[in-house]
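Report on one structure; see the data block that follows.
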Amino acid sequence: MANTQKITRNPDGSLNVPDMPVIPFIEGDGTGPDIWKAAKMVLDAAVDAAYGGSRKIAWQEVLAGEKAYEKTGQWLPEETLDTIREYVVAIKGPLTTPVGKGIRSLNVSIRQLLDLYACVRPVRYIDPIPSPMKQPEKVNMVVFRENTEDVYAGIEWEAGSAEAEKLIAFMKNELGASVAAGSGIGIKPMSEINTRRLVARAIAYAIAKGLSSVTLMHKGNIMKFTEGAFCTWGYKAARELFADRTITEAEVYEKHDGKPPGGRVMIKDRIADMLFQQILLRPDEYQVIACPNLNGDYISDALAAQAGGLGMAPGANIGDECAVFEATHGTAPKYAGLDKVNPGSLILSGAMMLEHMGWDEAGAMIWKALQQAIADGEVTYDLARQIEGAREVKCSVFAERVCEKLRALGQQA
Ligand SMILES: NC(=O)C1=CN([C@@H]2O[C@H](COP(=O)(O)OP(=O)(O)OC[C@H]3O[C@@H](n4cnc5c(N)ncnc54)[C@H](OP(=O)(O)O)[C@@H]3O)[C@@H](O)[C@H]2O)C=CC1
Ligand SMILES: O=C(O)CCC(=O)C(=O)O
Ligand SMILES: [Mg+2]
């Protein structure tokens with residue numbers, strides 16, 4: 001396409017976005033091709049509706065996963081990572097990770113190799129999506145999940161391997177720690193530097209959006225020097241980096257009768273298992289949740305269930321150099337190639353991408369058009385099985401309905 005250009009970054013982290021930016025995409029495995037096709041159609045329609053042809057995305061495919069392996073013999077070619085670095089913003093479908101054997105997660109590798117340290121997953125109820133909650137409109141949270149370390153570092157040894165046996169002996173002989181013979185061993189590294197930048201991003205987001213609290217989610221009573229340290233380092237980051245914009249929950253109750261003084265973000269912490277029940281019982285007490293990698297993986301799917309399911313759960317992986325947008329869910333392999341699953345999560349991840357680029361009008365139109373299309377009652381199987389009287393349509397047909405809404409919104413604008 002003529003006049004296509006690269007998105008570039010300014011030293012302060014802001015982006016220069018041309019009218020025809022090149023954006024790399026990874027189609028994904030399993031249901032990835034179906035939802036990517038649908039999402040691309042909707043993203044193009046949204047940009048067209050919002051900017052009437054003066055802006056357009058030039059999509060550039062990059063390979064990862066099964067398609068990459070078939071074509072290049074590599075699961076994650078270096079060229080893919082280089083292209084994402086070069087073009088600054090990218091979007092991807094889900095990639096398969098085998099359980100208990102085989103290759104390590106390519107999704108996790110992409111995050112680690114590009115240092116996309118914040119996994120940002122907003123969970124917002126869209127009326128009239130069905131929900132198991134009595135008051136789903138109270139669910140409005142953003143998860144900031146540390147994306148580069150914790151047990152996802154991938155440092156582990158199989159039970160019975162020479163390395164595992166060596167470690168078990170070392171722990172017993174040198175550290176006095178007893179581990180059952182024949183155990184598999186995994187390491188859970190967590191650092192102040194990575195906690196600090198994640199929590200800083202979560203707090204900056206809460207301040208920018210005028211939100212009242214950031215909750216540090218951890219299991220620090222049991223894992224004192226990893227999850228417990230996450231909590232300690234999180235409070236420290238708030239104190240050192242945002243002294244005049246934050247206040248701890250303890251201070252709010254000691255000095256301010258339970259009400260944070262104007263404009264301050266309250267920093268609190270909750271132990272992970274307890275937080276899972278609180279997001280069900282009193283979701284409106286939580287706005288931003290900052291957490292280590294594994295907690296974030298678990299709670300993002302649980303929250304998605306509260307607000308329409310995995311078919312409606314978008315996300316972003318953000319670093320200082322570049323960002324890769326992707327749905328919270330995986331490849332849903334039993335539906336691969338059936339043109340069946342809900343493309344909503346990837347479509348909304350695309351809306352987040354447009355907002356990240358400063359194309360807010362197009363992003364906002366997508367949220368609205370999606371809501372309108374769902375309200376019309378022609379929806380994919382996951383929503384159809386919950387909405388009384390709804391009619392099930394294919395993934396591609398649902399996307400076409402969203403495009404129709406976008407075209408109508410474009411004409412009104
Ligand atoms: N970022 C990534 O690329 C991720 C990759 N994965 C990988 O995906 C593979 C499968 O993982 P799995 O644990 O089964 O989880 P998935 O998220 O792929 O799917 C689990 C279930 O969630 C529902 N679901 C998921 N996506 C949608 C959608 N778009 N629309 C409607 N419903 C949806 C379906 O529920 P139902 O059966 O009720 O219809 C599906 O069977 C694994 O290899 C895993 O490692 C997992 C998560 C993230
Ligand atoms: O990489 C994977 O296969 C799974 C990752 C995952 O579940 C997630 O990031 O939410
Ligand atoms: Mg997950």
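Chain labels run A, B, ... following the order of the structure tokens; each chain numbers its residues from 1, and ligands are numbered from 1 in the order shown.
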
Closest atom pairs, chain A residues within 10 Å of ligand 2, only C-alpha atoms and all ligand atoms, as JSON lines:
```
{"residue": "A:Pro94", "atom": "CA", "partner": "ligand 2", "partner_atom_place_in_ligand_line": "3 (O)", "distance": 7.8}
{"residue": "A:Leu95", "atom": "CA", "partner": "ligand 2", "partner_atom_place_in_ligand_line": "3 (O)", "distance": 6.3}
{"residue": "A:Thr96", "atom": "CA", "partner": "ligand 2", "partner_atom_place_in_ligand_line": "3 (O)", "distance": 5.6}
{"residue": "A:Thr97", "atom": "CA", "partner": "ligand 2", "partner_atom_place_in_ligand_line": "3 (O)", "distance": 4.4}
{"residue": "A:Pro98", "atom": "CA", "partner": "ligand 2", "partner_atom_place_in_ligand_line": "3 (O)", "distance": 7.7}
{"residue": "A:Val99", "atom": "CA", "partner": "ligand 2", "partner_atom_place_in_ligand_line": "3 (O)", "distance": 8.8}
{"residue": "A:Arg104", "atom": "CA", "partner": "ligand 2", "partner_atom_place_in_ligand_line": "1 (O)", "distance": 8.1}
{"residue": "A:Ser105", "atom": "CA", "partner": "ligand 2", "partner_atom_place_in_ligand_line": "1 (O)", "distance": 4.6}
{"residue": "A:Leu106", "atom": "CA", "partner": "ligand 2", "partner_atom_place_in_ligand_line": "1 (O)", "distance": 6.2}
{"residue": "A:Asn107", "atom": "CA", "partner": "ligand 2", "partner_atom_place_in_ligand_line": "1 (O)", "distance": 4.5}
{"residue": "A:Val108", "atom": "CA", "partner": "ligand 2", "partner_atom_place_in_ligand_line": "1 (O)", "distance": 5.3}
{"residue": "A:Ser109", "atom": "CA", "partner": "ligand 2", "partner_atom_place_in_ligand_line": "1 (O)", "distance": 8.3}
{"residue": "A:Ile110", "atom": "CA", "partner": "ligand 2", "partner_atom_place_in_ligand_line": "1 (O)", "distance": 9.5}
{"residue": "A:Arg111", "atom": "CA", "partner": "ligand 2", "partner_atom_place_in_ligand_line": "9 (O)", "distance": 9.3}
{"residue": "A:Cys119", "atom": "CA", "partner": "ligand 2", "partner_atom_place_in_ligand_line": "9 (O)", "distance": 8.2}
{"residue": "A:Arg121", "atom": "CA", "partner": "ligand 2", "partner_atom_place_in_ligand_line": "10 (O)", "distance": 9.7}
{"residue": "A:Arg145", "atom": "CA", "partner": "ligand 2", "partner_atom_place_in_ligand_line": "9 (O)", "distance": 9.5}
{"residue": "A:Asn147", "atom": "CA", "partner": "ligand 2", "partner_atom_place_in_ligand_line": "9 (O)", "distance": 8.4}
{"residue": "A:Tyr152", "atom": "CA", "partner": "ligand 2", "partner_atom_place_in_ligand_line": "1 (O)", "distance": 9.2}
{"residue": "A:Asn293", "atom": "CA", "partner": "ligand 2", "partner_atom_place_in_ligand_line": "9 (O)", "distance": 8.6}
{"residue": "A:Leu294", "atom": "CA", "partner": "ligand 2", "partner_atom_place_in_ligand_line": "10 (O)", "distance": 8.8}
{"residue": "A:Gly296", "atom": "CA", "partner": "ligand 2", "partner_atom_place_in_ligand_line": "10 (O)", "distance": 7.9}
{"residue": "A:Asp297", "atom": "CA", "partner": "ligand 2", "partner_atom_place_in_ligand_line": "10 (O)", "distance": 4.8}
{"residue": "A:Tyr298", "atom": "CA", "partner": "ligand 2", "partner_atom_place_in_ligand_line": "10 (O)", "distance": 7.6}
{"residue": "A:Ile299", "atom": "CA", "partner": "ligand 2", "partner_atom_place_in_ligand_line": "10 (O)", "distance": 9.4}
{"residue": "A:Ser300", "atom": "CA", "partner": "ligand 2", "partner_atom_place_in_ligand_line": "10 (O)", "distance": 7.4}
{"residue": "A:Asp301", "atom": "CA", "partner": "ligand 2", "partner_atom_place_in_ligand_line": "10 (O)", "distance": 7.6}
{"residue": "A:Gly315", "atom": "CA", "partner": "ligand 2", "partner_atom_place_in_ligand_line": "10 (O)", "distance": 9.3}
{"residue": "A:Asn317", "atom": "CA", "partner": "ligand 2", "partner_atom_place_in_ligand_line": "9 (O)", "distance": 9.5}
{"residue": "A:Glu326", "atom": "CA", "partner": "ligand 2", "partner_atom_place_in_ligand_line": "9 (O)", "distance": 9.2}
{"residue": "A:Ala327", "atom": "CA", "partner": "ligand 2", "partner_atom_place_in_ligand_line": "10 (O)", "distance": 8.4}
{"residue": "A:Thr328", "atom": "CA", "partner": "ligand 2", "partner_atom_place_in_ligand_line": "10 (O)", "distance": 5.4}
{"residue": "A:His329", "atom": "CA", "partner": "ligand 2", "partner_atom_place_in_ligand_line": "10 (O)", "distance": 6.4}
{"residue": "A:Gly330", "atom": "CA", "partner": "ligand 2", "partner_atom_place_in_ligand_line": "4 (C)", "distance": 6.6}
{"residue": "A:Thr331", "atom": "CA", "partner": "ligand 2", "partner_atom_place_in_ligand_line": "3 (O)", "distance": 8.5}
```

Take the residues that were just selected and, keeping N, CA and C atoms, output them as a compact mmCIF listing (two decimals), in the first residue's frame.
```
# COMPACT_ATOMS: atom_id res chain seq x y z
N PRO A 94 -4.29 -16.45 19.63
CA PRO A 94 -3.72 -17.35 20.64
C PRO A 94 -2.81 -18.41 20.01
N LEU A 95 -1.84 -18.87 20.79
CA LEU A 95 -0.91 -19.90 20.33
C LEU A 95 -0.94 -21.09 21.28
N THR A 96 -0.88 -22.28 20.71
CA THR A 96 -0.98 -23.51 21.50
C THR A 96 0.27 -23.78 22.33
N THR A 97 0.07 -24.24 23.57
CA THR A 97 1.18 -24.74 24.39
C THR A 97 0.82 -26.14 24.87
N PRO A 98 1.63 -27.15 24.54
CA PRO A 98 1.32 -28.50 25.02
C PRO A 98 1.47 -28.62 26.54
N VAL A 99 0.70 -29.52 27.13
CA VAL A 99 0.71 -29.70 28.59
C VAL A 99 1.70 -30.80 28.98
N ARG A 104 8.00 -24.88 25.13
CA ARG A 104 7.53 -23.93 26.14
C ARG A 104 6.58 -22.95 25.46
N SER A 105 5.81 -22.24 26.29
CA SER A 105 4.80 -21.33 25.75
C SER A 105 5.41 -20.26 24.85
N LEU A 106 4.90 -20.18 23.63
CA LEU A 106 5.35 -19.12 22.72
C LEU A 106 4.77 -17.78 23.16
N ASN A 107 3.59 -17.82 23.76
CA ASN A 107 2.95 -16.58 24.24
C ASN A 107 3.83 -15.94 25.32
N VAL A 108 4.27 -16.81 26.24
CA VAL A 108 5.13 -16.32 27.32
C VAL A 108 6.48 -15.87 26.75
N SER A 109 7.00 -16.62 25.78
CA SER A 109 8.29 -16.24 25.16
C SER A 109 8.20 -14.87 24.52
N ILE A 110 7.11 -14.61 23.81
CA ILE A 110 6.95 -13.30 23.14
C ILE A 110 7.00 -12.20 24.20
N ARG A 111 6.29 -12.41 25.31
CA ARG A 111 6.26 -11.39 26.38
C ARG A 111 7.65 -11.19 26.97
N CYS A 119 0.95 -7.18 31.67
CA CYS A 119 -0.20 -7.77 30.98
C CYS A 119 -1.44 -7.07 31.53
N ARG A 121 -5.38 -6.40 31.53
CA ARG A 121 -6.62 -7.07 31.13
C ARG A 121 -7.82 -6.38 31.77
N ARG A 145 -0.92 -7.61 35.39
CA ARG A 145 -0.24 -8.86 35.75
C ARG A 145 1.23 -8.75 35.35
N ASN A 147 4.50 -9.85 33.86
CA ASN A 147 4.44 -10.69 32.68
C ASN A 147 5.76 -11.36 32.32
N TYR A 152 6.51 -18.49 35.61
CA TYR A 152 6.52 -18.44 34.14
C TYR A 152 7.93 -18.24 33.58
N ASN A 293 2.63 -12.95 38.15
CA ASN A 293 2.23 -13.59 36.90
C ASN A 293 1.14 -14.67 37.07
N LEU A 294 1.38 -15.63 37.97
CA LEU A 294 0.43 -16.75 38.08
C LEU A 294 -0.92 -16.28 38.62
N GLY A 296 -2.21 -13.45 38.26
CA GLY A 296 -2.87 -12.68 37.20
C GLY A 296 -3.49 -13.58 36.16
N ASP A 297 -2.82 -14.69 35.86
CA ASP A 297 -3.37 -15.65 34.90
C ASP A 297 -4.70 -16.20 35.42
N TYR A 298 -4.68 -16.61 36.69
CA TYR A 298 -5.89 -17.21 37.27
C TYR A 298 -7.03 -16.19 37.38
N ILE A 299 -6.71 -15.03 37.92
CA ILE A 299 -7.83 -14.11 38.23
C ILE A 299 -8.40 -13.50 36.95
N SER A 300 -7.59 -13.42 35.89
CA SER A 300 -8.18 -12.80 34.69
C SER A 300 -9.25 -13.70 34.07
N ASP A 301 -9.08 -15.02 34.10
CA ASP A 301 -10.14 -15.88 33.56
C ASP A 301 -11.35 -15.89 34.49
N GLY A 315 -7.12 -8.08 26.10
CA GLY A 315 -5.90 -7.86 26.85
C GLY A 315 -4.79 -7.24 26.01
N ASN A 317 -0.24 -6.76 26.14
CA ASN A 317 1.07 -6.97 26.78
C ASN A 317 1.89 -5.73 26.45
N GLU A 326 -3.60 -9.00 22.69
CA GLU A 326 -4.13 -10.36 22.49
C GLU A 326 -5.25 -10.62 23.47
N ALA A 327 -6.14 -11.55 23.08
CA ALA A 327 -7.24 -11.94 23.95
C ALA A 327 -6.70 -12.65 25.19
N THR A 328 -7.53 -12.70 26.24
CA THR A 328 -7.16 -13.43 27.46
C THR A 328 -7.22 -14.95 27.23
N HIS A 329 -8.12 -15.38 26.34
CA HIS A 329 -8.32 -16.83 26.18
C HIS A 329 -7.27 -17.47 25.28
N GLY A 330 -7.36 -18.80 25.18
CA GLY A 330 -6.43 -19.56 24.35
C GLY A 330 -7.03 -19.97 23.02
N THR A 331 -6.54 -21.09 22.50
CA THR A 331 -6.86 -21.49 21.12
C THR A 331 -8.21 -22.22 21.00
```

List the spatial neighbours of segment 13-27 of chain A as a ChimeraX atom specification - criterion: any atom at most 8 Å away, only C-alpha atoms, same-chain residues fewer than 4 positions off excluded. /A:3-9,32-33,36,54-64,83-84,87,89-94,320-321,357-358

Using only C-alpha atoms, which residues sit within 10 Å of segment 213-227 of chain A once same-chain residues fewer than 3 positions away are excluded, as an NGL selection string? :A and (141-145 or 150 or 188-192 or 199 or 202-203 or 205-207 or 210 or 230-235 or 238 or 246-249 or 260 or 264-276 or 285-292 or 294-296 or 299)

Selection near Glu392 of chain A, 12 Å with only C-alpha atoms, sequence-local residues under 5 positions removed, as a list in words: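 So, after excluding close chain neighbours, the residues are Asp339, Lys340, Val341, Asn342, Ile374, Asp376, Gly377, Glu378, Val379, Thr380, Tyr381, Asp382, Leu383, Ala384, Arg385, Gln386, Ile387, Val397 and Phe398 of chain A.
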
Mind checking DSSP for segment 165-222 of chain A and telling me the strand (DSSP E) residues as a list of chain:residue names? A:Ile185, A:Gly186, A:Ser213, A:Val214, A:Thr215, A:Leu216, A:Met217, A:His218

Considering only alpha helix (DSSP H) as DSSP defines it on the backbone, what residues of segment 128-240 of chain A qualify? List them as a ChimeraX atom specification. /A:162-170,192-209,227-240

May I have the residues from that selection written out with C-alpha atoms, as a PDB file, in the first residue's frame?
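The new file again34.pdb reads:
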```pdb
ATOM      1  CA  ALA A 162      19.894 -35.528  36.855  1.00  0.00           C
ATOM      2  CA  GLU A 163      19.357 -31.784  37.383  1.00  0.00           C
ATOM      3  CA  ALA A 164      16.373 -32.274  39.710  1.00  0.00           C
ATOM      4  CA  GLU A 165      18.241 -34.889  41.730  1.00  0.00           C
ATOM      5  CA  LYS A 166      21.284 -32.620  41.941  1.00  0.00           C
ATOM      6  CA  LEU A 167      19.155 -29.738  43.200  1.00  0.00           C
ATOM      7  CA  ILE A 168      17.397 -31.936  45.742  1.00  0.00           C
ATOM      8  CA  ALA A 169      20.764 -33.084  47.067  1.00  0.00           C
ATOM      9  CA  PHE A 170      22.095 -29.505  47.097  1.00  0.00           C
ATOM     10  CA  GLU A 192      11.967  -5.823  43.094  1.00  0.00           C
ATOM     11  CA  ILE A 193      12.870  -4.251  39.766  1.00  0.00           C
ATOM     12  CA  ASN A 194      10.162  -6.109  37.843  1.00  0.00           C
ATOM     13  CA  THR A 195       7.569  -5.696  40.591  1.00  0.00           C
ATOM     14  CA  ARG A 196       8.294  -1.997  40.820  1.00  0.00           C
ATOM     15  CA  ARG A 197       7.807  -1.217  37.127  1.00  0.00           C
ATOM     16  CA  LEU A 198       4.582  -3.258  37.005  1.00  0.00           C
ATOM     17  CA  VAL A 199       3.099  -1.624  40.097  1.00  0.00           C
ATOM     18  CA  ALA A 200       4.215   1.816  38.878  1.00  0.00           C
ATOM     19  CA  ARG A 201       2.303   1.236  35.648  1.00  0.00           C
ATOM     20  CA  ALA A 202      -0.795   0.116  37.539  1.00  0.00           C
ATOM     21  CA  ILE A 203      -0.724   3.190  39.790  1.00  0.00           C
ATOM     22  CA  ALA A 204      -0.061   5.561  36.888  1.00  0.00           C
ATOM     23  CA  TYR A 205      -3.068   4.036  35.121  1.00  0.00           C
ATOM     24  CA  ALA A 206      -5.294   4.504  38.192  1.00  0.00           C
ATOM     25  CA  ILE A 207      -4.202   8.141  38.491  1.00  0.00           C
ATOM     26  CA  ALA A 208      -4.718   8.837  34.778  1.00  0.00           C
ATOM     27  CA  LYS A 209      -8.198   7.295  34.819  1.00  0.00           C
ATOM     28  CA  GLU A 227       4.694 -13.061  46.857  1.00  0.00           C
ATOM     29  CA  GLY A 228       5.210 -11.409  50.235  1.00  0.00           C
ATOM     30  CA  ALA A 229       8.062  -9.388  48.772  1.00  0.00           C
ATOM     31  CA  PHE A 230       5.803  -8.408  45.848  1.00  0.00           C
ATOM     32  CA  CYS A 231       3.464  -6.824  48.403  1.00  0.00           C
ATOM     33  CA  THR A 232       6.280  -5.057  50.279  1.00  0.00           C
ATOM     34  CA  TRP A 233       7.897  -3.812  47.059  1.00  0.00           C
ATOM     35  CA  GLY A 234       4.520  -2.690  45.731  1.00  0.00           C
ATOM     36  CA  TYR A 235       3.884  -0.442  48.744  1.00  0.00           C
ATOM     37  CA  LYS A 236       7.465   0.801  48.510  1.00  0.00           C
ATOM     38  CA  ALA A 237       7.018   1.727  44.839  1.00  0.00           C
ATOM     39  CA  ALA A 238       3.839   3.651  45.696  1.00  0.00           C
ATOM     40  CA  ARG A 239       5.603   5.493  48.521  1.00  0.00           C
ATOM     41  CA  GLU A 240       8.735   6.338  46.543  1.00  0.00           C
TER      42      GLU A 240
END
```

note - atom CA of Cys403 of chain A and atom CA of Asp44 of chain A are separated by 9.0 Å

Please measure the separation of atom CA of Pro77 of chain A and atom CA of Gly65 of chain A, giving the value in Å to one decimal.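 Interatomic distance here is 9.3 Å.
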
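The space between atom CA of Glu355 of chain A and atom 14 (O, counted along the ligand's line) of ligand 1 spans 28.9 Å.
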
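Residue nearest ligand 1 within the list A:Lys394, A:His356, A:Arg124, A:Lys259: A:Lys394 [criterion: smallest interatomic distance, only C-alpha atoms and all ligand atoms].
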